[in-house]
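Undergrad: TSV, C-alpha atoms and all ligand atoms, saved as upload38.tsv, coming up:
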```tsv
chain	number	residue	atom	x	y	z
A	142	MET	CA	0.00	0.00	0.00
A	143	LEU	CA	1.20	3.51	-0.77
A	144	ALA	CA	-1.31	5.85	0.86
A	145	SER	CA	-4.61	5.60	2.70
A	146	PRO	CA	-6.84	8.30	4.22
A	147	ILE	CA	-8.52	8.42	7.62
A	148	ASN	CA	-12.24	8.88	6.96
A	149	PRO	CA	-15.00	9.48	9.54
A	150	ALA	CA	-16.37	5.97	8.91
A	151	ASP	CA	-12.97	4.47	9.85
A	152	ILE	CA	-13.25	6.19	13.24
A	153	ASN	CA	-16.80	4.82	13.63
A	154	VAL	CA	-15.46	1.31	12.90
A	155	ILE	CA	-12.83	1.72	15.64
A	156	GLN	CA	-15.54	3.04	17.98
A	157	GLY	CA	-17.62	-0.03	17.13
A	158	THR	CA	-20.58	2.07	16.00
A	159	TYR	CA	-20.43	1.45	12.22
A	160	PRO	CA	-23.10	-0.92	10.86
A	161	THR	CA	-20.51	-3.35	9.45
A	162	LEU	CA	-17.55	-4.31	11.60
A	163	PRO	CA	-14.68	-6.58	10.58
A	164	PRO	CA	-13.89	-9.62	12.74
A	165	LEU	CA	-11.05	-8.88	15.18
A	166	PRO	CA	-8.12	-8.65	15.01
A	167	ALA	CA	-8.55	-6.30	12.05
A	168	VAL	CA	-6.62	-3.74	10.04
A	169	GLY	CA	-8.22	-0.29	9.94
A	170	GLY	CA	-8.91	1.84	6.88
A	171	ASN	CA	-11.25	1.30	3.98
A	172	GLU	CA	-9.77	3.28	1.12
A	173	GLY	CA	-6.30	3.59	-0.36
A	174	VAL	CA	-3.97	3.02	-3.26
A	175	GLY	CA	-1.35	0.35	-3.63
A	176	GLU	CA	1.06	-1.06	-6.16
A	177	VAL	CA	0.91	-4.67	-7.30
A	178	LEU	CA	4.16	-6.44	-6.44
A	179	GLU	CA	3.29	-10.01	-7.41
A	180	VAL	CA	0.30	-11.82	-8.91
A	181	GLY	CA	-0.89	-15.41	-8.70
A	182	ARG	CA	-0.75	-17.76	-11.68
A	183	ARG	CA	-4.41	-17.35	-12.64
A	184	VAL	CA	-4.57	-13.57	-12.35
A	185	THR	CA	-5.24	-12.06	-15.76
A	186	ALA	CA	-6.34	-8.46	-15.23
A	187	LEU	CA	-3.42	-7.21	-13.12
A	188	LYS	CA	0.36	-7.32	-13.33
A	189	PRO	CA	3.29	-6.19	-11.17
A	190	GLY	CA	3.70	-2.43	-11.26
A	191	ASP	CA	-0.05	-1.69	-11.66
A	192	ARG	CA	-1.57	0.88	-9.34
A	193	VAL	CA	-4.76	-0.38	-7.69
A	194	ILE	CA	-7.49	0.78	-5.33
A	195	LEU	CA	-9.76	-1.44	-3.27
A	196	ALA	CA	-13.27	-2.11	-4.53
A	197	VAL	CA	-14.45	-4.15	-1.55
A	198	ASN	CA	-15.09	-2.91	2.00
A	199	ASN	CA	-13.48	-3.87	5.29
A	200	LEU	CA	-10.25	-5.25	3.81
A	201	GLY	CA	-8.11	-2.90	5.90
A	202	THR	CA	-5.94	-0.36	4.09
A	203	TRP	CA	-3.74	1.06	6.88
A	204	ARG	CA	-0.99	-1.44	6.12
A	205	THR	CA	2.17	-1.61	4.08
A	206	GLN	CA	1.46	-4.94	2.37
A	207	GLY	CA	-1.46	-7.26	1.78
A	208	VAL	CA	-2.68	-10.20	-0.26
A	209	PHE	CA	-5.99	-9.47	-1.96
A	210	PRO	CA	-8.17	-11.36	-4.42
A	211	GLU	CA	-8.09	-9.97	-7.97
A	212	GLU	CA	-11.83	-9.08	-7.84
A	213	ALA	CA	-11.22	-6.83	-4.81
A	214	LEU	CA	-8.93	-4.52	-6.76
A	215	LEU	CA	-9.56	-1.91	-9.43
A	216	PRO	CA	-6.69	-0.74	-11.63
A	217	VAL	CA	-5.92	3.00	-11.61
A	218	PRO	CA	-4.13	4.69	-14.53
A	219	SER	CA	-0.57	5.65	-13.61
A	220	ASP	CA	-1.20	9.35	-14.41
A	221	VAL	CA	-3.64	9.66	-11.49
A	222	PRO	CA	-1.66	11.27	-8.62
A	223	VAL	CA	-1.12	8.97	-5.61
A	224	LEU	CA	-3.09	11.06	-3.09
A	225	CYS	CA	-5.93	11.49	-5.57
A	226	ALA	CA	-6.08	7.71	-6.16
A	227	ALA	CA	-5.90	7.07	-2.40
A	228	THR	CA	-9.08	9.11	-1.86
A	229	LEU	CA	-11.07	8.04	-4.92
A	230	SER	CA	-13.07	4.92	-4.10
A	231	VAL	CA	-15.24	6.29	-1.27
A	232	ASN	CA	-15.97	10.02	-1.50
A	233	PRO	CA	-15.85	10.87	-5.24
A	234	CYS	CA	-17.75	7.65	-6.02
A	235	THR	CA	-20.40	8.60	-3.44
A	236	ALA	CA	-20.67	12.10	-4.91
A	237	PHE	CA	-20.89	10.70	-8.45
A	238	ARG	CA	-23.67	8.24	-7.56
A	239	MET	CA	-25.74	10.71	-5.58
A	240	LEU	CA	-25.66	13.21	-8.44
A	241	ALA	CA	-26.56	10.51	-10.97
A	242	ASP	CA	-29.00	8.12	-9.30
A	243	PHE	CA	-31.73	10.13	-7.57
A	244	GLU	CA	-32.84	13.04	-9.79
A	245	ARG	CA	-32.45	13.58	-13.52
A	246	LEU	CA	-30.34	16.71	-13.38
A	247	ALA	CA	-29.73	18.84	-16.46
A	248	PRO	CA	-27.24	21.67	-16.98
A	249	GLY	CA	-28.56	24.77	-15.23
A	250	ASP	CA	-30.29	22.77	-12.44
A	251	SER	CA	-29.05	23.19	-8.90
A	252	VAL	CA	-28.11	21.03	-5.92
A	253	ILE	CA	-27.85	22.08	-2.28
A	254	GLN	CA	-25.54	20.30	0.18
A	255	ASN	CA	-24.34	20.71	3.76
A	256	ALA	CA	-20.82	19.89	5.05
A	257	ALA	CA	-19.81	21.18	1.63
A	258	ASN	CA	-16.15	21.30	2.65
A	259	SER	CA	-16.08	17.55	3.41
A	260	GLY	CA	-14.33	15.13	1.08
A	261	VAL	CA	-17.70	14.18	-0.44
A	262	GLY	CA	-18.75	17.85	-0.60
A	263	GLN	CA	-15.63	18.89	-2.52
A	264	ALA	CA	-16.22	16.08	-5.03
A	265	VAL	CA	-19.91	17.08	-5.39
A	266	ILE	CA	-18.89	20.67	-6.21
A	267	GLN	CA	-16.42	19.57	-8.88
A	268	ILE	CA	-18.49	16.81	-10.52
A	269	ALA	CA	-21.56	19.10	-10.60
A	270	LYS	CA	-19.53	21.95	-12.07
A	271	ALA	CA	-18.21	19.69	-14.83
A	272	SER	CA	-21.84	18.84	-15.75
A	273	GLY	CA	-23.06	22.45	-15.67
A	274	ILE	CA	-25.05	21.89	-12.45
A	275	LYS	CA	-25.01	24.74	-9.95
A	276	THR	CA	-24.21	24.09	-6.29
A	277	ILE	CA	-25.41	25.84	-3.15
A	278	ASN	CA	-22.93	24.89	-0.47
A	279	VAL	CA	-23.63	25.07	3.25
A	280	VAL	CA	-20.74	25.08	5.76
A	281	ARG	CA	-20.43	25.78	9.47
A	282	ASP	CA	-19.39	29.30	10.39
A	283	ARG	CA	-15.75	29.63	11.51
A	284	ALA	CA	-13.04	32.20	12.13
A	285	ASP	CA	-11.44	31.76	8.71
A	286	LEU	CA	-14.70	31.53	6.74
A	287	PRO	CA	-13.58	33.84	3.87
A	288	LYS	CA	-10.59	31.54	3.22
A	289	LEU	CA	-12.84	28.48	3.07
A	290	VAL	CA	-15.35	30.26	0.81
A	291	GLU	CA	-12.51	31.24	-1.51
A	292	ARG	CA	-11.27	27.64	-1.66
A	293	LEU	CA	-14.70	26.18	-2.44
A	294	VAL	CA	-15.41	28.86	-5.07
A	295	ALA	CA	-12.06	28.01	-6.68
A	296	LEU	CA	-13.27	24.39	-6.90
A	297	GLY	CA	-16.39	25.57	-8.74
A	298	ALA	CA	-18.93	26.32	-5.98
A	299	ASP	CA	-21.61	28.79	-7.15
A	300	HIS	CA	-22.77	29.80	-3.68
A	301	VAL	CA	-21.20	29.16	-0.27
A	302	ILE	CA	-23.29	30.02	2.78
A	303	THR	CA	-23.29	29.28	6.49
A	304	GLU	CA	-25.90	27.19	8.28
A	305	GLU	CA	-27.27	30.39	9.90
A	306	MET	CA	-27.77	31.96	6.48
A	307	LEU	CA	-30.22	29.16	5.54
A	308	ARG	CA	-32.80	30.78	7.81
A	309	LYS	CA	-32.28	34.35	6.60
A	310	PRO	CA	-34.48	36.23	4.08
A	311	GLU	CA	-31.32	36.99	2.02
A	312	MET	CA	-31.54	33.38	0.77
A	313	LYS	CA	-34.00	34.81	-1.77
A	314	ASP	CA	-31.11	36.61	-3.49
A	315	ILE	CA	-29.51	33.26	-4.36
A	316	PHE	CA	-32.65	32.15	-6.16
A	317	LYS	CA	-32.65	35.22	-8.43
A	318	ASP	CA	-30.01	33.59	-10.64
A	319	THR	CA	-30.11	29.98	-9.46
A	320	PRO	CA	-33.16	27.70	-9.64
A	321	LYS	CA	-34.39	26.08	-6.42
A	322	PRO	CA	-32.54	22.79	-5.98
A	323	ARG	CA	-34.10	19.51	-7.15
A	324	LEU	CA	-31.63	17.56	-5.02
A	325	ALA	CA	-30.36	18.12	-1.46
A	326	LEU	CA	-27.42	16.11	-0.11
A	327	ASN	CA	-27.41	15.74	3.65
A	328	CYS	CA	-24.24	14.83	5.52
A	329	VAL	CA	-25.14	16.40	8.86
A	330	GLY	CA	-28.66	15.84	10.33
A	331	GLY	CA	-30.36	17.98	12.98
A	332	LYS	CA	-31.15	21.65	12.39
A	333	SER	CA	-28.87	21.99	9.37
A	334	THR	CA	-30.96	19.42	7.52
A	335	THR	CA	-34.35	20.84	8.50
A	336	GLU	CA	-33.32	24.29	7.29
A	337	MET	CA	-31.78	22.99	4.07
A	338	LEU	CA	-34.96	21.08	3.28
A	339	ARG	CA	-36.98	24.34	3.24
A	340	HIS	CA	-35.23	25.39	0.04
A	341	LEU	CA	-35.85	22.20	-1.92
A	342	GLN	CA	-38.14	22.37	-4.99
A	343	PRO	CA	-41.57	20.73	-4.60
A	344	LYS	CA	-41.24	16.98	-5.28
A	345	GLY	CA	-37.46	17.32	-4.90
A	346	THR	CA	-35.31	14.65	-3.24
A	347	MET	CA	-33.10	14.84	-0.19
A	348	VAL	CA	-30.47	12.10	0.07
A	349	THR	CA	-28.97	11.49	3.50
A	350	TYR	CA	-25.51	9.90	3.39
A	351	GLY	CA	-23.87	11.10	6.62
A	352	GLY	CA	-24.83	12.05	10.16
A	353	MET	CA	-21.96	14.24	11.34
A	354	ALA	CA	-24.10	16.15	13.91
A	355	LYS	CA	-25.25	12.80	15.38
A	356	GLN	CA	-28.82	14.15	15.43
A	357	PRO	CA	-31.92	12.78	13.70
A	358	VAL	CA	-33.42	14.32	10.59
A	359	THR	CA	-36.52	16.35	11.46
A	360	VAL	CA	-38.84	17.09	8.57
A	361	PRO	CA	-41.45	19.86	8.79
A	362	VAL	CA	-44.92	18.40	8.15
A	363	ARG	CA	-45.50	21.05	5.47
A	364	ALA	CA	-42.53	19.72	3.48
A	365	PHE	CA	-44.34	16.39	3.13
A	366	ILE	CA	-47.90	17.65	2.60
A	367	PHE	CA	-47.42	20.76	0.50
A	368	GLN	CA	-44.02	20.06	-1.10
A	369	ASP	CA	-44.26	16.27	-1.43
A	370	VAL	CA	-40.50	15.99	-0.83
A	371	ARG	CA	-38.82	12.59	-1.16
A	372	LEU	CA	-36.38	11.45	1.50
A	373	ARG	CA	-33.85	8.84	0.51
A	374	GLY	CA	-30.61	7.39	1.86
A	375	PHE	CA	-27.41	6.30	0.16
A	376	TRP	CA	-24.63	3.98	1.21
A	377	MET	CA	-21.73	3.42	-1.19
A	378	SER	CA	-20.91	0.05	0.42
A	379	GLN	CA	-24.38	-1.22	-0.42
A	380	TRP	CA	-24.09	0.11	-3.98
A	381	ARG	CA	-20.82	-1.80	-4.38
A	382	LYS	CA	-22.41	-4.99	-3.04
A	383	ASP	CA	-25.43	-4.57	-5.31
A	384	HIS	CA	-23.15	-4.01	-8.33
A	385	ALA	CA	-20.46	-6.58	-7.51
A	386	GLN	CA	-21.27	-8.53	-10.70
A	387	ASP	CA	-21.99	-5.42	-12.76
A	388	ARG	CA	-18.45	-4.60	-13.94
A	389	ASP	CA	-19.84	-2.22	-16.62
A	390	SER	CA	-21.48	0.14	-14.12
A	391	VAL	CA	-18.36	0.14	-11.96
A	392	SER	CA	-15.97	0.74	-14.86
A	393	SER	CA	-18.12	3.46	-16.47
A	394	MET	CA	-18.19	5.32	-13.13
A	395	MET	CA	-14.42	4.93	-12.67
A	396	ASP	CA	-13.70	5.96	-16.28
A	397	ALA	CA	-15.84	9.09	-15.84
A	398	LEU	CA	-13.89	9.97	-12.67
A	399	PHE	CA	-10.50	9.30	-14.33
A	400	GLN	CA	-11.54	11.60	-17.22
A	401	LEU	CA	-12.46	14.37	-14.78
A	402	ILE	CA	-9.09	13.99	-13.02
A	403	ARG	CA	-7.20	14.11	-16.33
A	404	ARG	CA	-9.08	17.24	-17.41
A	405	GLY	CA	-8.22	18.92	-14.10
A	406	GLN	CA	-11.91	18.96	-13.09
A	407	LEU	CA	-11.56	16.67	-10.07
A	408	SER	CA	-8.65	17.24	-7.73
A	409	THR	CA	-7.29	15.61	-4.59
A	410	PRO	CA	-9.29	16.85	-1.56
A	411	ALA	CA	-7.55	19.31	0.76
A	412	CYS	CA	-5.32	16.97	2.75
A	413	THR	CA	-2.41	16.51	5.12
A	414	PRO	CA	-0.09	13.61	4.26
A	415	VAL	CA	1.26	11.97	7.44
A	416	PRO	CA	3.99	9.29	7.75
A	417	LEU	CA	2.56	6.07	9.18
A	418	GLN	CA	4.60	6.30	12.38
A	419	ASP	CA	2.69	9.51	13.26
A	420	TYR	CA	-0.67	7.69	13.06
A	421	ARG	CA	-1.71	8.73	16.59
A	422	ALA	CA	-1.53	12.44	15.77
A	423	ALA	CA	-3.25	11.78	12.42
A	424	LEU	CA	-6.14	9.95	14.13
A	425	GLU	CA	-6.54	12.76	16.66
A	426	ASN	CA	-6.42	15.45	13.98
A	427	SER	CA	-8.97	13.59	11.87
A	428	MET	CA	-11.51	14.01	14.69
A	429	LYS	CA	-10.96	17.75	15.22
A	430	PRO	CA	-13.67	20.11	13.93
A	431	PHE	CA	-13.02	22.89	11.41
A	432	THR	CA	-9.78	21.40	10.09
A	433	SER	CA	-10.96	21.02	6.46
A	434	SER	CA	-8.03	18.75	5.72
A	435	LYS	CA	-8.13	14.99	5.23
A	436	GLN	CA	-5.36	13.08	7.03
A	437	ILE	CA	-3.71	10.65	4.62
A	438	LEU	CA	-1.32	8.02	5.95
A	439	LEU	CA	1.78	7.57	3.80
A	440	LEU	CA	2.57	3.89	3.97
B	1	LIG	N1	-23.12	6.93	2.81
B	1	LIG	C1	-21.98	6.76	2.18
B	1	LIG	O1	-21.82	5.91	1.31
B	1	LIG	C2	-20.84	7.65	2.53
B	1	LIG	C3	-19.73	7.72	1.71
B	1	LIG	C4	-18.71	8.62	2.06
B	1	LIG	C5	-18.81	9.37	3.21
B	1	LIG	N2	-19.91	9.21	3.99
B	1	LIG	C6	-20.09	9.99	5.21
B	1	LIG	O2	-20.04	11.34	4.85
B	1	LIG	C7	-19.54	12.08	5.93
B	1	LIG	C8	-18.37	12.94	5.44
B	1	LIG	O3	-17.30	12.10	5.06
B	1	LIG	P1	-15.98	12.76	4.47
B	1	LIG	O4	-14.93	11.73	4.33
B	1	LIG	O5	-16.37	13.54	3.28
B	1	LIG	O6	-15.64	13.72	5.70
B	1	LIG	P2	-14.48	14.74	5.98
B	1	LIG	O7	-13.79	15.10	4.72
B	1	LIG	O8	-13.69	14.24	7.12
B	1	LIG	O9	-15.31	16.01	6.46
B	1	LIG	C9	-16.13	15.97	7.60
B	1	LIG	C10	-17.18	17.04	7.41
B	1	LIG	O10	-18.15	16.97	8.44
B	1	LIG	C11	-18.34	18.28	8.98
B	1	LIG	N3	-18.76	18.16	10.37
B	1	LIG	C12	-18.10	17.53	11.37
B	1	LIG	N4	-18.82	17.59	12.50
B	1	LIG	C13	-19.94	18.29	12.21
B	1	LIG	C14	-21.08	18.69	12.97
B	1	LIG	N5	-21.19	18.38	14.26
B	1	LIG	N6	-22.03	19.41	12.35
B	1	LIG	C15	-21.91	19.73	11.04
B	1	LIG	N7	-20.88	19.36	10.26
B	1	LIG	C16	-19.89	18.65	10.86
B	1	LIG	C17	-16.99	18.96	8.80
B	1	LIG	O11	-17.19	20.33	8.82
B	1	LIG	P3	-16.27	21.35	9.69
B	1	LIG	O12	-15.16	21.76	8.78
B	1	LIG	O13	-17.25	22.43	9.96
B	1	LIG	O14	-15.78	20.63	10.91
B	1	LIG	C18	-16.63	18.45	7.40
B	1	LIG	O15	-17.31	19.18	6.42
B	1	LIG	C19	-19.17	11.08	7.02
B	1	LIG	O16	-20.25	10.98	7.91
B	1	LIG	C20	-19.00	9.81	6.24
B	1	LIG	O17	-19.19	8.66	7.02
B	1	LIG	C21	-20.91	8.39	3.67
```
Could you write out this file's structure as structure tokens?
Ligand SMILES: NC(=O)c1ccc[n+]([C@@H]2O[C@H](COP(=O)([O-])OP(=O)(O)OC[C@H]3O[C@@H](n4cnc5c(N)ncnc54)[C@H](OP(=O)(O)O)[C@@H]3O)[C@@H](O)[C@H]2O)c1
TA:
Amino acid sequence: MLASPINPADINVIQGTYPTLPPLPAVGGNEGVGEVLEVGRRVTALKPGDRVILAVNNLGTWRTQGVFPEEALLPVPSDVPVLCAATLSVNPCTAFRMLADFERLAPGDSVIQNAANSGVGQAVIQIAKASGIKTINVVRDRADLPKLVERLVALGADHVITEEMLRKPEMKDIFKDTPKPRLALNCVGGKSTTEMLRHLQPKGTMVTYGGMAKQPVTVPVRAFIFQDVRLRGFWMSQWRKDHAQDRDSVSSMMDALFQLIRRGQLSTPACTPVPLQDYRAALENSMKPFTSSKQILLL
């Protein structure tokens, strides 16, 4: 293995709160890039020197070496930068699927999302931008907000607002040049979600994929009765299980992401590479709020 990030779900696995837990003893980490050193006699799709990412969950990626079945690995073109490949199979894939599978979005449509500075959020901004879809991006207020806004705008964000702003009448200004969103992507829960939902188009869809605030989703009754909103959930692990035999869907998604990377439309998320021996500090930093930087273990 060459590099592997620390994602919130990895922490939940260690805490024992994630829905799927590996049998112990286990290696942590669920995403990363490696280089093939040797292959078995019957392996046909991979050869030594190939870069690969893991396509199956719970195999453990915070390691220097491993033996994996051929079907668990996806080849990555050698021109994809290492840190970009290391962070590709979870967050950009999740962003790609959520933008593709719930609403038929056309150029000019809009999407609203909270935790817009997360790994998934940054991928949503860039993939949407590449398809001509506008994004309204909600983040938590912080001391260095202008810097964060600048960074997300540079990625392609059309609007970046704070959670407090969602409740303000000035929200109307956004909708002068941007249509109301057909799709809302919820990574947070609690108040953030309730307020975000108010701006969804009638019959629009909200997809919940994360629960960073550790609070339930509360939906105003009027959103159901008068707006007929649809509430859905998404879990990339389940999508991978459901499409384990569907190599075409997997490869067309990966090819689309590789194209975006090559065209400079999908970049590595803001990150801090950390040598493996400093894993304790990396784990601690990954749990700190307002850091906006993914810890990536260099293996
Ligand atoms: N369902 C799926 O298939 C799937 C796939 C990928 C990821 N996820 C989930 O998506 C979430 C984000 O993952 P990631 O790797 O993109 O995360 P990440 O890059 O580590 O970013 C975490 C994000 O959560 C925000 N956050 C943390 N605590 C919060 C709170 N109490 N209230 C509001 N926002 C808070 C952070 O904002 P600040 O900067 O304000 O701290 C940041 O935007 C995680 O819950 C992860 O498990 C789900």
Undergrad: Find the residues around region 177-194 of chain A up to 8 Å (only C-alpha atoms counted), leave out those fewer than 4 positions away in its own chain, and share them as a ChimeraX atom specification.
TA: /A:172-173,211,214-219,226-227,230
Undergrad: Work out how far atom N6 of ligand LIG 1 (chain B) is from CA of Gly169 (chain A), in Å to one decimal.
TA: 24.2 Å
Undergrad: Using only C-alpha atoms, what table do you get, as CSV, when you list each residue of region 225-340 of chain A with an atom no more than 10 Å from region 399-406 of chain A, its nearest pair of atoms, and their distance in Å rounded to one decimal, rows by chain then rising number?
TA:
```
residue,atom,partner,partner_atom,distance
A:Cys225,CA,A:Ile402,CA,8.5
A:Ala226,CA,A:Phe399,CA,9.4
A:Leu229,CA,A:Phe399,CA,9.5
A:Ala264,CA,A:Gln406,CA,9.6
A:Ile266,CA,A:Gln406,CA,9.9
A:Gln267,CA,A:Gln406,CA,6.2
A:Ile268,CA,A:Gln406,CA,7.4
A:Ala269,CA,A:Gln406,CA,10.0
A:Lys270,CA,A:Gln406,CA,8.2
A:Ala271,CA,A:Gln406,CA,6.6
A:Leu296,CA,A:Gln406,CA,8.3
A:Gly297,CA,A:Gln406,CA,9.1
```
Undergrad: Show me, as an MDAnalysis selection string, the residues that have an atom within 8 Å of Thr303 (chain A) when counting all atoms listed in the file, minus same-chain residues fewer than 5 positions from it.
TA: chainID A and resid 279:282
Undergrad: Could you tell me which of A:Thr413, A:Thr346, A:Ser408, A:Gln356 comes closest to Ala144 (chain A) if we count all atoms listed in the file?
TA: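 Among A:Thr413, A:Thr346, A:Ser408, A:Gln356, it is A:Thr413 that comes nearest to Ala144 (chain A).
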Undergrad: Within 7 Å of region 321-336 of chain A, counting all atoms listed in the file, which residues show up once you throw out same-chain ones fewer than 4 positions away? Write them as a PyMOL selection string, please.
TA: chain A and resi 244+250-256+304+307-308+316+340-342+345-360
Undergrad: What does the structure give for the distance between CA of Asp369 (chain A) and CA of Leu338 (chain A), in Å to one decimal?
TA: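 Pair CA of Asp369 (chain A) / CA of Leu338 (chain A) returns 11.5 Å.
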Undergrad: With all atoms listed in the file as the basis for distance, which of A:Thr202, A:Thr319, A:Ser392, A:Asn258 is at the shortest distance from ligand LIG 1 (chain B)?
TA: A:Asn258
Undergrad: With only C-alpha atoms as the atoms that count, which of A:Leu440, A:Val197, A:Ile366, A:Ala295 lies nearest to Glu176 (chain A)?
TA: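 For Glu176 (chain A), the nearest of the candidates is A:Leu440.
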Undergrad: Considering all atoms listed in the file, state which residue in the set A:Leu286, A:Leu143, A:Ala150, A:Ile302 is at the smallest distance from ligand LIG 1 (chain B).
TA: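 When distances to ligand LIG 1 (chain B) are compared using all atoms listed in the file, the smallest one comes from A:Ala150.
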Undergrad: Just checking: using only C-alpha atoms, which residue out of A:Ala257, A:Ile147, A:Ala397, A:Ala385 ends up closest to Val290 (chain A)?
TA: A:Ala257
